[in-house]
Each structure stands twice: as structure tokens, then as C-alpha cells.
$ cat work38.cif   # mmCIF, C-alpha atoms
data_target
loop_
_atom_site.label_atom_id
_atom_site.label_comp_id
_atom_site.auth_asym_id
_atom_site.auth_seq_id
_atom_site.Cartn_x
_atom_site.Cartn_y
_atom_site.Cartn_z
CA MET G 1 135.25 243.01 227.09
CA ILE G 2 133.03 245.89 225.88
CA PRO G 3 135.05 247.06 222.88
CA VAL G 4 135.31 250.65 221.72
CA ASN G 5 137.02 251.30 218.41
CA LEU G 6 137.96 254.38 216.42
CA ASP G 7 134.96 253.97 214.10
CA ASP G 8 132.73 254.62 217.13
CA LEU G 9 133.93 258.23 217.03
CA ASP G 10 131.81 258.69 213.90
CA SER G 11 128.74 258.75 216.15
CA LEU G 12 129.95 261.73 218.16
CA PRO G 13 128.42 265.14 217.48
CA ALA G 14 130.73 267.15 215.23
CA LEU G 15 131.91 270.63 216.12
CA LYS G 16 129.51 273.28 214.89
CA PRO G 17 130.63 274.47 211.43
CA GLY G 18 131.13 278.00 212.71
CA VAL G 19 133.27 276.83 215.62
CA ALA G 20 135.28 274.49 213.39
CA SER G 21 135.91 277.45 211.08
CA ILE G 22 137.12 279.55 214.01
CA LEU G 23 139.59 276.85 215.04
CA ARG G 24 140.94 276.62 211.49
CA THR G 25 141.30 280.39 211.32
CA ILE G 26 143.15 280.90 214.60
CA GLN G 27 145.69 278.19 213.74
CA GLN G 28 146.97 280.03 210.68
CA ASP G 29 150.57 281.08 211.34
CA GLU G 30 150.39 284.49 209.72
CA ILE G 31 146.99 285.60 211.03
CA ASP G 32 146.99 288.91 212.91
CA ALA G 33 145.17 289.92 216.09
CA ALA G 34 142.39 291.75 214.27
CA ASP G 35 141.50 288.69 212.18
CA ILE G 36 141.58 286.44 215.25
CA ALA G 37 139.22 288.80 217.07
CA LYS G 38 136.90 289.06 214.09
CA SER G 39 136.70 285.28 213.81
CA ILE G 40 136.06 284.63 217.53
CA GLN G 41 133.43 287.36 217.76
CA LEU G 42 131.25 285.48 215.27
CA ASP G 43 130.30 283.25 218.22
CA ILE G 44 128.78 285.25 221.08
CA GLY G 45 129.08 282.48 223.66
CA LEU G 46 132.73 281.82 222.80
CA THR G 47 133.49 285.53 222.99
CA ALA G 48 131.95 285.72 226.46
CA ARG G 49 133.95 282.74 227.73
CA VAL G 50 137.26 284.04 226.38
CA LEU G 51 136.67 287.46 227.95
CA ARG G 52 135.63 285.85 231.23
CA VAL G 53 138.98 284.08 231.45
CA ALA G 54 140.94 287.10 230.18
CA ASN G 55 139.44 289.14 233.02
CA SER G 56 140.21 286.51 235.66
CA SER G 57 142.49 287.26 238.58
CA PHE G 58 145.25 285.21 236.95
CA TYR G 59 146.05 287.95 234.44
CA GLY G 60 145.45 290.72 236.97
CA PHE G 61 144.69 293.67 234.71
CA SER G 62 143.45 296.74 236.58
CA ASN G 63 141.06 297.67 233.77
CA GLN G 64 138.49 295.29 232.36
CA ILE G 65 139.24 293.78 228.95
CA ALA G 66 136.14 294.65 226.95
CA SER G 67 136.82 293.02 223.57
CA VAL G 68 138.62 290.05 222.06
CA LYS G 69 140.81 292.48 220.12
CA ASP G 70 141.92 294.09 223.40
CA ALA G 71 142.58 290.61 224.79
CA CYS G 72 144.80 289.82 221.79
CA ILE G 73 146.76 293.04 222.31
CA LEU G 74 147.18 292.65 226.07
CA LEU G 75 147.57 288.86 226.34
CA GLY G 76 149.05 288.15 222.93
CA LYS G 77 147.33 286.36 220.07
CA HIS G 78 148.95 283.02 220.96
CA THR G 79 147.45 283.09 224.45
CA VAL G 80 144.03 284.04 223.10
CA CYS G 81 144.18 281.21 220.57
CA ASN G 82 145.00 278.75 223.35
CA LEU G 83 142.12 280.07 225.46
CA THR G 84 139.79 279.79 222.48
CA LEU G 85 140.74 276.21 221.69
CA SER G 86 140.36 275.22 225.35
CA SER G 87 136.99 276.98 225.64
CA VAL G 88 135.64 275.33 222.49
CA VAL G 89 136.49 271.81 223.66
CA VAL G 90 135.23 272.24 227.23
CA CYS G 91 131.95 273.76 226.09
CA HIS G 92 131.35 271.29 223.27
CA LEU G 93 131.97 268.22 225.37
CA SER G 94 130.03 269.59 228.32
CA SER G 95 126.94 270.28 226.23
CA SER G 96 126.83 267.45 223.67
CA GLY G 97 126.81 264.31 225.79
CA GLU G 98 123.94 261.98 226.50
CA GLY G 99 125.64 260.17 229.38
CA MET G 100 124.66 260.89 232.97
CA LEU G 101 128.19 260.86 234.39
CA ASP G 102 129.50 264.02 236.00
CA CYS G 103 132.70 265.00 234.18
CA ARG G 104 133.67 267.83 236.51
CA VAL G 105 136.21 265.59 238.27
CA LEU G 106 137.90 264.85 234.93
CA TRP G 107 137.96 268.50 233.93
CA GLN G 108 139.27 269.51 237.37
CA HIS G 109 142.12 267.01 236.94
CA GLY G 110 142.80 268.54 233.51
CA LEU G 111 142.86 272.03 235.01
CA ARG G 112 145.25 270.97 237.79
CA THR G 113 147.49 269.31 235.22
CA ALA G 114 147.38 272.53 233.22
CA ALA G 115 148.39 274.50 236.31
CA ALA G 116 151.27 272.10 237.05
CA ALA G 117 152.35 272.28 233.41
CA MET G 118 152.51 276.08 233.55
CA VAL G 119 154.69 275.94 236.68
CA LEU G 120 157.03 273.42 235.03
CA ALA G 121 157.07 275.31 231.71
CA LYS G 122 158.34 278.38 233.54
CA GLN G 123 161.22 276.30 234.92
CA CYS G 124 162.03 274.81 231.51
CA GLY G 125 161.72 278.03 229.51
CA MET G 126 158.82 276.59 227.50
CA ASP G 127 155.66 278.33 226.33
CA GLU G 128 153.21 278.48 229.25
CA GLY G 129 150.13 278.91 227.04
CA SER G 130 150.80 275.70 225.12
CA ALA G 131 151.58 273.94 228.41
CA PHE G 132 148.23 275.07 229.81
CA THR G 133 146.24 273.87 226.80
CA GLY G 134 148.09 270.56 226.64
CA GLY G 135 147.51 269.97 230.34
CA LEU G 136 143.84 270.84 230.23
CA LEU G 137 143.07 268.65 227.22
CA HIS G 138 145.50 265.76 227.73
CA ASP G 139 142.75 263.39 228.93
CA LEU G 140 140.38 264.25 226.08
CA GLY G 141 139.86 260.52 225.48
CA ARG G 142 138.67 259.91 229.06
CA VAL G 143 136.20 262.80 228.89
CA VAL G 144 134.80 261.45 225.61
CA LEU G 145 134.42 257.99 227.13
CA ALA G 146 132.65 259.37 230.19
CA ILE G 147 130.20 261.51 228.22
CA HIS G 148 129.49 259.43 225.14
CA PHE G 149 130.25 255.87 226.26
CA PRO G 150 129.14 255.91 229.92
CA ALA G 151 128.52 252.15 230.19
CA GLN G 152 132.02 251.39 228.97
CA PHE G 153 133.54 254.10 231.15
CA THR G 154 131.78 252.69 234.21
CA ALA G 155 132.98 249.19 233.34
CA VAL G 156 136.56 250.49 233.22
CA LEU G 157 136.17 252.11 236.65
CA ASP G 158 134.75 248.88 238.08
CA TYR G 159 137.62 246.85 236.64
CA GLN G 160 140.14 249.37 237.96
CA ASN G 161 138.64 249.37 241.44
CA ASP G 162 138.40 245.57 241.60
CA ARG G 163 141.99 245.00 240.49
CA ARG G 164 143.70 248.15 241.78
CA CYS G 165 145.35 248.81 238.44
CA LEU G 166 146.17 251.88 236.38
CA THR G 167 143.59 253.44 234.09
CA GLN G 168 145.29 252.45 230.84
CA GLU G 169 145.55 248.82 231.94
CA ALA G 170 141.83 248.72 232.78
CA GLU G 171 140.90 250.41 229.49
CA MET G 172 142.89 247.95 227.40
CA ALA G 173 141.39 244.99 229.26
CA VAL G 174 137.79 246.23 229.05
CA LEU G 175 137.72 248.27 225.83
CA GLY G 176 140.63 246.98 223.77
CA ILE G 177 141.84 250.59 223.41
CA ASP G 178 143.03 253.29 225.79
CA HIS G 179 142.07 256.94 226.22
CA CYS G 180 145.33 258.17 224.67
CA ILE G 181 144.64 256.50 221.32
CA LEU G 182 140.98 257.51 221.39
CA GLY G 183 141.69 261.12 222.34
CA ALA G 184 144.45 261.58 219.77
CA GLU G 185 142.22 260.28 216.97
CA LEU G 186 139.41 262.66 217.95
CA ALA G 187 141.87 265.56 218.16
CA LYS G 188 143.02 264.80 214.61
CA ARG G 189 139.42 264.70 213.37
CA TRP G 190 138.80 268.08 214.97
CA ASN G 191 141.93 269.45 213.28
CA PHE G 192 143.84 270.22 216.47
CA PRO G 193 147.47 271.34 216.05
CA ASP G 194 149.90 268.46 215.60
CA HIS G 195 151.74 269.18 218.85
CA LEU G 196 148.49 268.94 220.81
CA CYS G 197 147.49 265.67 219.11
CA ARG G 198 150.89 264.31 220.11
CA VAL G 199 150.39 265.38 223.75
CA ILE G 200 146.98 263.72 223.94
CA GLY G 201 148.25 260.53 222.34
CA SER G 202 151.55 260.09 224.16
CA HIS G 203 151.35 261.81 227.55
CA HIS G 204 151.72 258.46 229.34
CA ARG G 205 154.45 257.24 226.99
CA PRO G 206 156.36 260.22 225.54
CA GLU G 207 158.46 259.32 222.51
CA PRO G 208 162.11 259.47 223.63
CA SER G 209 163.46 260.46 220.23
CA HIS G 210 160.94 263.18 219.35
CA GLN G 211 162.15 266.77 219.51
CA ASN G 212 158.91 268.21 220.90
CA ASN G 213 159.22 268.49 224.68
CA LEU G 214 155.56 269.29 225.32
CA PRO G 215 154.38 265.65 225.69
CA ARG G 216 157.22 265.11 228.18
CA LEU G 217 156.19 268.18 230.15
CA ILE G 218 152.54 267.08 230.27
CA HIS G 219 153.59 263.57 231.28
CA VAL G 220 155.32 264.95 234.37
CA ALA G 221 152.55 267.47 235.10
CA ASP G 222 149.93 264.71 234.92
CA VAL G 223 151.77 262.63 237.53
CA ILE G 224 152.17 265.67 239.79
CA SER G 225 148.48 266.50 239.41
CA HIS G 226 147.48 263.00 240.49
CA ASP G 227 149.94 263.05 243.38
CA LEU G 228 148.92 266.47 244.73
CA ALA G 229 145.17 266.24 244.09
CA PRO G 230 143.32 267.32 247.26
CA ASP G 231 140.94 264.36 246.97
CA ASN G 232 143.72 261.78 246.58
CA LYS G 233 144.03 260.24 250.04
CA GLY G 234 146.34 257.51 248.81
CA GLU G 235 143.37 255.52 247.53
CA SER G 236 144.16 255.99 243.83
CA LEU G 237 147.16 254.57 242.01
CA ILE G 238 149.41 257.29 240.64
CA PRO G 239 150.84 256.73 237.14
CA PRO G 240 154.61 256.27 237.31
CA VAL G 241 156.82 259.12 236.14
CA ASP G 242 159.47 258.37 233.55
CA GLU G 243 162.71 259.50 235.21
CA GLU G 244 164.43 259.75 231.83
CA VAL G 245 161.80 262.27 230.77
CA VAL G 246 162.52 264.36 233.87
CA LYS G 247 166.23 264.34 232.95
CA GLN G 248 165.50 265.31 229.34
CA LEU G 249 163.50 268.30 230.56
CA GLY G 250 166.29 269.32 232.94
CA LEU G 251 163.78 269.88 235.71
CA GLU G 252 164.67 270.95 239.19
CA TRP G 253 161.85 269.87 241.47
CA PRO G 254 160.36 272.65 243.57
CA GLN G 255 159.37 272.01 247.15
CA ARG G 256 156.12 270.04 247.27
CA ASP G 257 154.25 272.65 249.34
CA ASP G 258 155.43 275.53 247.14
CA LEU G 259 154.45 273.64 244.00
CA PHE G 260 151.02 272.82 245.41
CA MET G 261 150.39 276.45 246.41
CA GLU G 262 151.36 277.77 242.99
CA MET G 263 149.27 275.11 241.24
CA GLU G 264 146.23 275.90 243.34
CA GLU G 265 146.61 279.63 242.73
CA ILE G 266 146.61 279.10 238.96
CA HIS G 267 143.83 276.49 239.21
CA GLY G 268 141.58 278.82 241.19
CA ALA G 269 142.19 281.83 238.97
CA LEU G 270 141.52 279.98 235.71
CA SER G 271 138.70 277.71 236.89
CA THR G 272 136.29 280.10 235.17
CA LEU G 273 137.27 278.31 231.96
CA LEU G 274 135.23 275.32 233.11
CA GLU G 275 132.09 277.41 233.54
CA THR G 276 130.04 276.59 230.47
CA SER G 277 126.74 278.17 231.45
CA GLY G 278 125.74 281.77 231.52
CA THR G 279 127.41 282.77 228.25
#
$ encode --input "work38.cif" --output "C-alpha cells"
Amino acid sequence: MIPVNLDDLDSLPALKPGVASILRTIQQDEIDAADIAKSIQLDIGLTARVLRVANSSFYGFSNQIASVKDACILLGKHTVCNLTLSSVVVCHLSSSGEGMLDCRVLWQHGLRTAAAAMVLAKQCGMDEGSAFTGGLLHDLGRVVLAIHFPAQFTAVLDYQNDRRCLTQEAEMAVLGIDHCILGAELAKRWNFPDHLCRVIGSHHRPEPSHQNNLPRLIHVADVISHDLAPDNKGESLIPPVDEEVVKQLGLEWPQRDDLFMEMEEIHGALSTLLETSGT
């Protein structure tokens, strides 16, 4: 065993004070679009990334969105806040690590889960922006392990490959902790919204009695993302879906091909969110 514990998170680089302040600001319930824009525009790189996504083909505006304030007006402040939170995490974790592992595969899985979550949210009448953010960041703990604890992450992969077991089983055997617990703790330290902390911590085991449906939605989207991943040739074990969760969501499953096409359309249009260079 190569243990990782929650105290090890103290060694991770903290969010820049300015970025942490932006996240606190945009999470205030009564904040208006002008204040959100003013806060985001304090960080030039963050502004560029948010505008890059806002101008992606997914939103399909005929005229270019030239400012964060315009983005708030056209997309809604809630959507812009979700894009901001997602951009902050992707950029911070992609630029702060010392490990040599390539995390693009993990982020691509997060993006496909986000795309699946948006498709399912539309069916369930849930907020698509929150579904996207929850899907993208649900495996925060795995990304942190890969970037900041590469030796332990590699040991987990080796164990998983040798024994053909699920990720969480390998993590508990090798690390004594799994990525859900690790990710949820980091999300709390970074002052993420409670609903997002809950998604990160319980997407493999949604709490049956909790009223928030978002962890349930991300649980199902995660399984779909694994199942429909283009690079999954049946070589990887797919986490089991909780059928009770599917019933609680009242989901009607779309045709596999239709679901895959819609997921890939969203994935392709919003993949610019994973571009962290060239701010």
C-alpha cells in the first residue's frame, strides 16, 4: 500500500488569491451580471477562456460575444458562473502539477460525462449548466492524483490492470482512500458550492435519501460516458449503474446511437474549455 490521506492535500498549490476571490464572488446568490463581469475581468486569462467558450459553436450566436458582461446577458449569469468555475479548475490543475502524466484522457472523460449529463438533464427538466459542471469536475480526485501523486496514480493503474477491477477498488487497496473522498475534500477546501462537493464525493454511490438529484444524474452520465467512449473497446471495466437511481430520475433511455451523436456534438463544441494555453 502507498497511502494517500487528506492531510496530503495541504501540499497542493492553493488557488491564486485573485481567482479564489472571483469564485467567492460569483457564488453569491444576489450578485448581478455587472458585478460578475467586473470580478471575472480582473483576470485576463480567465476572461479569454470564458469568452472562447461563449463564442463556441455550441451556443451558436451569429455575432461575436466581445465581453463577459455581454456573455452574462446572452447566456445568463448562472451559465457564465458555471463556465468560470470549470475554467478555473481546468486551468489551475493543468498548470500547477509536477507529475509527468498526461491528464488529457481524464479531462476528456470529464467532458464526455458533462455532455451526457446535459443530454440527461434536458430529459429530466434539470439545469443543464449545473449538469455540465458536475460532469466535467466529477473526477476531480483522479485528476489531482494523476498530477500531484503520479507514483501512487500509476500504482493504482497497475493494480487495476493486473486484477481487472474497478478504479475505486484499486484505489482503496493501494491508497487506502478513493478519488471521491479525495476530490470532495479538495472541493470543500476550494469553497466549491455544496451541491458540487456532493457530486464529486458521491457520484459512484449517490445517497438514496438526499433530495438533490444532481449526484444521481452524474452517476448515470459517468456510466454512459465510460460505455460510449470511442477508445473503450471492451477492455475497460465499466462502473455499474444503480438501477434505482435511474428510476428515481424517471429517465427514458434514448437510442444509443442518438445519445452518442448528441454527446459528441456537445463534446466537440465545448472542447475549447480544455484549451489552457494561448490565453
$ resolve_selection --input "work38.cif" --expression "the PyMOL selection byres ((chain G and resi 86) around 12)" --output "PyMOL selection string"
chain G and resi 23+46+49-50+53+79-85+87-93+107+110-111+114+129-138+140+192+196+270-276
$ axis_aligned_box --input "work38.cif" --around "range 45-57 of chain G" --padding-each-side "8 Å" --output "lines of an AutoDock Vina configuration file"
center_x = 135.8
center_y = 285.5
center_z = 230.7
size_x = 29.4
size_y = 23.3
size_z = 31.8
$ resolve_selection --input "work38.cif" --expression "the PyMOL selection byres ((chain G and resi 62-77) around 8)" --output "number ranges by chain"
G: 32-34, 36-38, 40-41, 47, 50-51, 54-55, 60-61, 78-81
$ closest_residue --input "work38.cif" --among "G:His109, G:Arg24, G:Arg216, G:His210" --to "Met126 in chain G" --atoms "all atoms listed in the file"
G:Arg216
$ resolve_selection --input "work38.cif" --expression "the PyMOL selection byres ((chain G and resi 164-171) around 10)" --output "number ranges by chain"
G: 1-4, 142, 152-153, 155-163, 172-180, 204, 235-240
$ atom_distance --input "work38.cif" --atom1 "CA of Leu214 in chain G" --atom2 "CA of Ala187 in chain G"
15.9 Å
$ atom_distance --input "work38.cif" --atom1 "CA of Ser56 in chain G" --atom2 "CA of Ala115 in chain G"
14.5 Å
$ closest_residue --input "work38.cif" --among "G:Ile22, G:Ala221, G:Pro208, G:Leu182" --to "Phe149 in chain G" --atoms "all atoms listed in the file"
G:Leu182
$ closest_residue --input "work38.cif" --among "G:Leu251, G:Val144, G:Leu259, G:Ala151" --to "Ile181 in chain G" --atoms "all atoms listed in the file"
G:Val144
$ closest_residue --input "work38.cif" --among "G:Val199, G:Leu6, G:Met263, G:Leu12" --to "Leu228 in chain G" --atoms "only C-alpha atoms"
G:Met263
$ atom_distance --input "work38.cif" --atom1 "CA of Ser202 in chain G" --atom2 "CA of Pro215 in chain G"
6.4 Å
$ decode --input "work38.cif" --residues "range 1-31 of chain G" --atoms "N, CA and C atoms" --output "PDB file, in the first residue's frame"
ATOM      1  N   MET G   1       0.846  -1.201   0.000  1.00  0.00           N
ATOM      2  CA  MET G   1       0.000   0.000   0.000  1.00  0.00           C
ATOM      3  C   MET G   1       0.879   1.249   0.000  1.00  0.00           C
ATOM      4  N   ILE G   2       0.487   2.248  -0.813  1.00  0.00           N
ATOM      5  CA  ILE G   2       1.169   3.549  -0.834  1.00  0.00           C
ATOM      6  C   ILE G   2       0.133   4.582  -0.405  1.00  0.00           C
ATOM      7  N   PRO G   3      -0.050   4.784   0.892  1.00  0.00           N
ATOM      8  CA  PRO G   3      -1.201   5.561   1.360  1.00  0.00           C
ATOM      9  C   PRO G   3      -1.174   7.025   0.936  1.00  0.00           C
ATOM     10  N   VAL G   4      -2.367   7.521   0.660  1.00  0.00           N
ATOM     11  CA  VAL G   4      -2.606   8.954   0.471  1.00  0.00           C
ATOM     12  C   VAL G   4      -3.692   9.319   1.464  1.00  0.00           C
ATOM     13  N   ASN G   5      -3.496  10.388   2.207  1.00  0.00           N
ATOM     14  CA  ASN G   5      -4.533  10.809   3.147  1.00  0.00           C
ATOM     15  C   ASN G   5      -4.895  12.268   2.915  1.00  0.00           C
ATOM     16  N   LEU G   6      -5.928  12.716   3.574  1.00  0.00           N
ATOM     17  CA  LEU G   6      -6.443  14.066   3.326  1.00  0.00           C
ATOM     18  C   LEU G   6      -5.439  15.143   3.700  1.00  0.00           C
ATOM     19  N   ASP G   7      -4.562  14.861   4.670  1.00  0.00           N
ATOM     20  CA  ASP G   7      -3.540  15.844   5.038  1.00  0.00           C
ATOM     21  C   ASP G   7      -2.570  16.113   3.890  1.00  0.00           C
ATOM     22  N   ASP G   8      -2.430  15.135   2.978  1.00  0.00           N
ATOM     23  CA  ASP G   8      -1.537  15.323   1.835  1.00  0.00           C
ATOM     24  C   ASP G   8      -2.004  16.440   0.917  1.00  0.00           C
ATOM     25  N   LEU G   9      -3.290  16.805   1.010  1.00  0.00           N
ATOM     26  CA  LEU G   9      -3.803  17.895   0.188  1.00  0.00           C
ATOM     27  C   LEU G   9      -3.201  19.235   0.589  1.00  0.00           C
ATOM     28  N   ASP G  10      -2.654  19.304   1.813  1.00  0.00           N
ATOM     29  CA  ASP G  10      -2.028  20.553   2.252  1.00  0.00           C
ATOM     30  C   ASP G  10      -0.832  20.933   1.394  1.00  0.00           C
ATOM     31  N   SER G  11      -0.252  19.955   0.707  1.00  0.00           N
ATOM     32  CA  SER G  11       0.936  20.226  -0.110  1.00  0.00           C
ATOM     33  C   SER G  11       0.581  20.729  -1.510  1.00  0.00           C
ATOM     34  N   LEU G  12      -0.689  20.698  -1.861  1.00  0.00           N
ATOM     35  CA  LEU G  12      -1.089  21.143  -3.192  1.00  0.00           C
ATOM     36  C   LEU G  12      -1.058  22.657  -3.300  1.00  0.00           C
ATOM     37  N   PRO G  13      -0.692  23.176  -4.464  1.00  0.00           N
ATOM     38  CA  PRO G  13      -0.717  24.638  -4.648  1.00  0.00           C
ATOM     39  C   PRO G  13      -2.138  25.159  -4.486  1.00  0.00           C
ATOM     40  N   ALA G  14      -2.284  26.217  -3.700  1.00  0.00           N
ATOM     41  CA  ALA G  14      -3.601  26.811  -3.488  1.00  0.00           C
ATOM     42  C   ALA G  14      -4.016  27.622  -4.719  1.00  0.00           C
ATOM     43  N   LEU G  15      -5.318  27.839  -4.844  1.00  0.00           N
ATOM     44  CA  LEU G  15      -5.790  28.743  -5.890  1.00  0.00           C
ATOM     45  C   LEU G  15      -5.192  30.127  -5.664  1.00  0.00           C
ATOM     46  N   LYS G  16      -4.876  30.812  -6.753  1.00  0.00           N
ATOM     47  CA  LYS G  16      -4.370  32.175  -6.615  1.00  0.00           C
ATOM     48  C   LYS G  16      -5.407  33.008  -5.860  1.00  0.00           C
ATOM     49  N   PRO G  17      -4.950  33.901  -4.967  1.00  0.00           N
ATOM     50  CA  PRO G  17      -5.912  34.697  -4.181  1.00  0.00           C
ATOM     51  C   PRO G  17      -6.950  35.402  -5.042  1.00  0.00           C
ATOM     52  N   GLY G  18      -6.512  35.945  -6.179  1.00  0.00           N
ATOM     53  CA  GLY G  18      -7.450  36.649  -7.054  1.00  0.00           C
ATOM     54  C   GLY G  18      -8.506  35.719  -7.612  1.00  0.00           C
ATOM     55  N   VAL G  19      -8.097  34.521  -7.997  1.00  0.00           N
ATOM     56  CA  VAL G  19      -9.034  33.538  -8.545  1.00  0.00           C
ATOM     57  C   VAL G  19      -9.982  33.046  -7.455  1.00  0.00           C
ATOM     58  N   ALA G  20      -9.430  32.788  -6.268  1.00  0.00           N
ATOM     59  CA  ALA G  20     -10.274  32.357  -5.150  1.00  0.00           C
ATOM     60  C   ALA G  20     -11.327  33.422  -4.835  1.00  0.00           C
ATOM     61  N   SER G  21     -10.931  34.685  -4.925  1.00  0.00           N
ATOM     62  CA  SER G  21     -11.869  35.785  -4.689  1.00  0.00           C
ATOM     63  C   SER G  21     -12.973  35.808  -5.746  1.00  0.00           C
ATOM     64  N   ILE G  22     -12.598  35.542  -6.991  1.00  0.00           N
ATOM     65  CA  ILE G  22     -13.584  35.503  -8.070  1.00  0.00           C
ATOM     66  C   ILE G  22     -14.611  34.402  -7.805  1.00  0.00           C
ATOM     67  N   LEU G  23     -14.136  33.224  -7.411  1.00  0.00           N
ATOM     68  CA  LEU G  23     -15.053  32.120  -7.141  1.00  0.00           C
ATOM     69  C   LEU G  23     -16.011  32.449  -5.999  1.00  0.00           C
ATOM     70  N   ARG G  24     -15.490  33.115  -4.963  1.00  0.00           N
ATOM     71  CA  ARG G  24     -16.369  33.509  -3.854  1.00  0.00           C
ATOM     72  C   ARG G  24     -17.420  34.504  -4.339  1.00  0.00           C
ATOM     73  N   THR G  25     -16.993  35.428  -5.177  1.00  0.00           N
ATOM     74  CA  THR G  25     -17.896  36.474  -5.651  1.00  0.00           C
ATOM     75  C   THR G  25     -19.025  35.913  -6.496  1.00  0.00           C
ATOM     76  N   ILE G  26     -18.685  35.049  -7.457  1.00  0.00           N
ATOM     77  CA  ILE G  26     -19.715  34.576  -8.388  1.00  0.00           C
ATOM     78  C   ILE G  26     -20.701  33.616  -7.740  1.00  0.00           C
ATOM     79  N   GLN G  27     -20.385  33.124  -6.541  1.00  0.00           N
ATOM     80  CA  GLN G  27     -21.302  32.202  -5.867  1.00  0.00           C
ATOM     81  C   GLN G  27     -22.305  32.915  -4.967  1.00  0.00           C
ATOM     82  N   GLN G  28     -22.223  34.225  -4.894  1.00  0.00           N
ATOM     83  CA  GLN G  28     -23.184  34.970  -4.089  1.00  0.00           C
ATOM     84  C   GLN G  28     -24.541  34.974  -4.789  1.00  0.00           C
ATOM     85  N   ASP G  29     -25.582  34.613  -4.069  1.00  0.00           N
ATOM     86  CA  ASP G  29     -26.913  34.441  -4.669  1.00  0.00           C
ATOM     87  C   ASP G  29     -27.457  35.719  -5.312  1.00  0.00           C
ATOM     88  N   GLU G  30     -27.201  36.855  -4.676  1.00  0.00           N
ATOM     89  CA  GLU G  30     -27.852  38.076  -5.136  1.00  0.00           C
ATOM     90  C   GLU G  30     -26.970  38.927  -6.050  1.00  0.00           C
ATOM     91  N   ILE G  31     -25.830  38.405  -6.471  1.00  0.00           N
ATOM     92  CA  ILE G  31     -24.930  39.174  -7.315  1.00  0.00           C
ATOM     93  C   ILE G  31     -25.544  39.345  -8.710  1.00  0.00           C
TER      94      ILE G  31
END
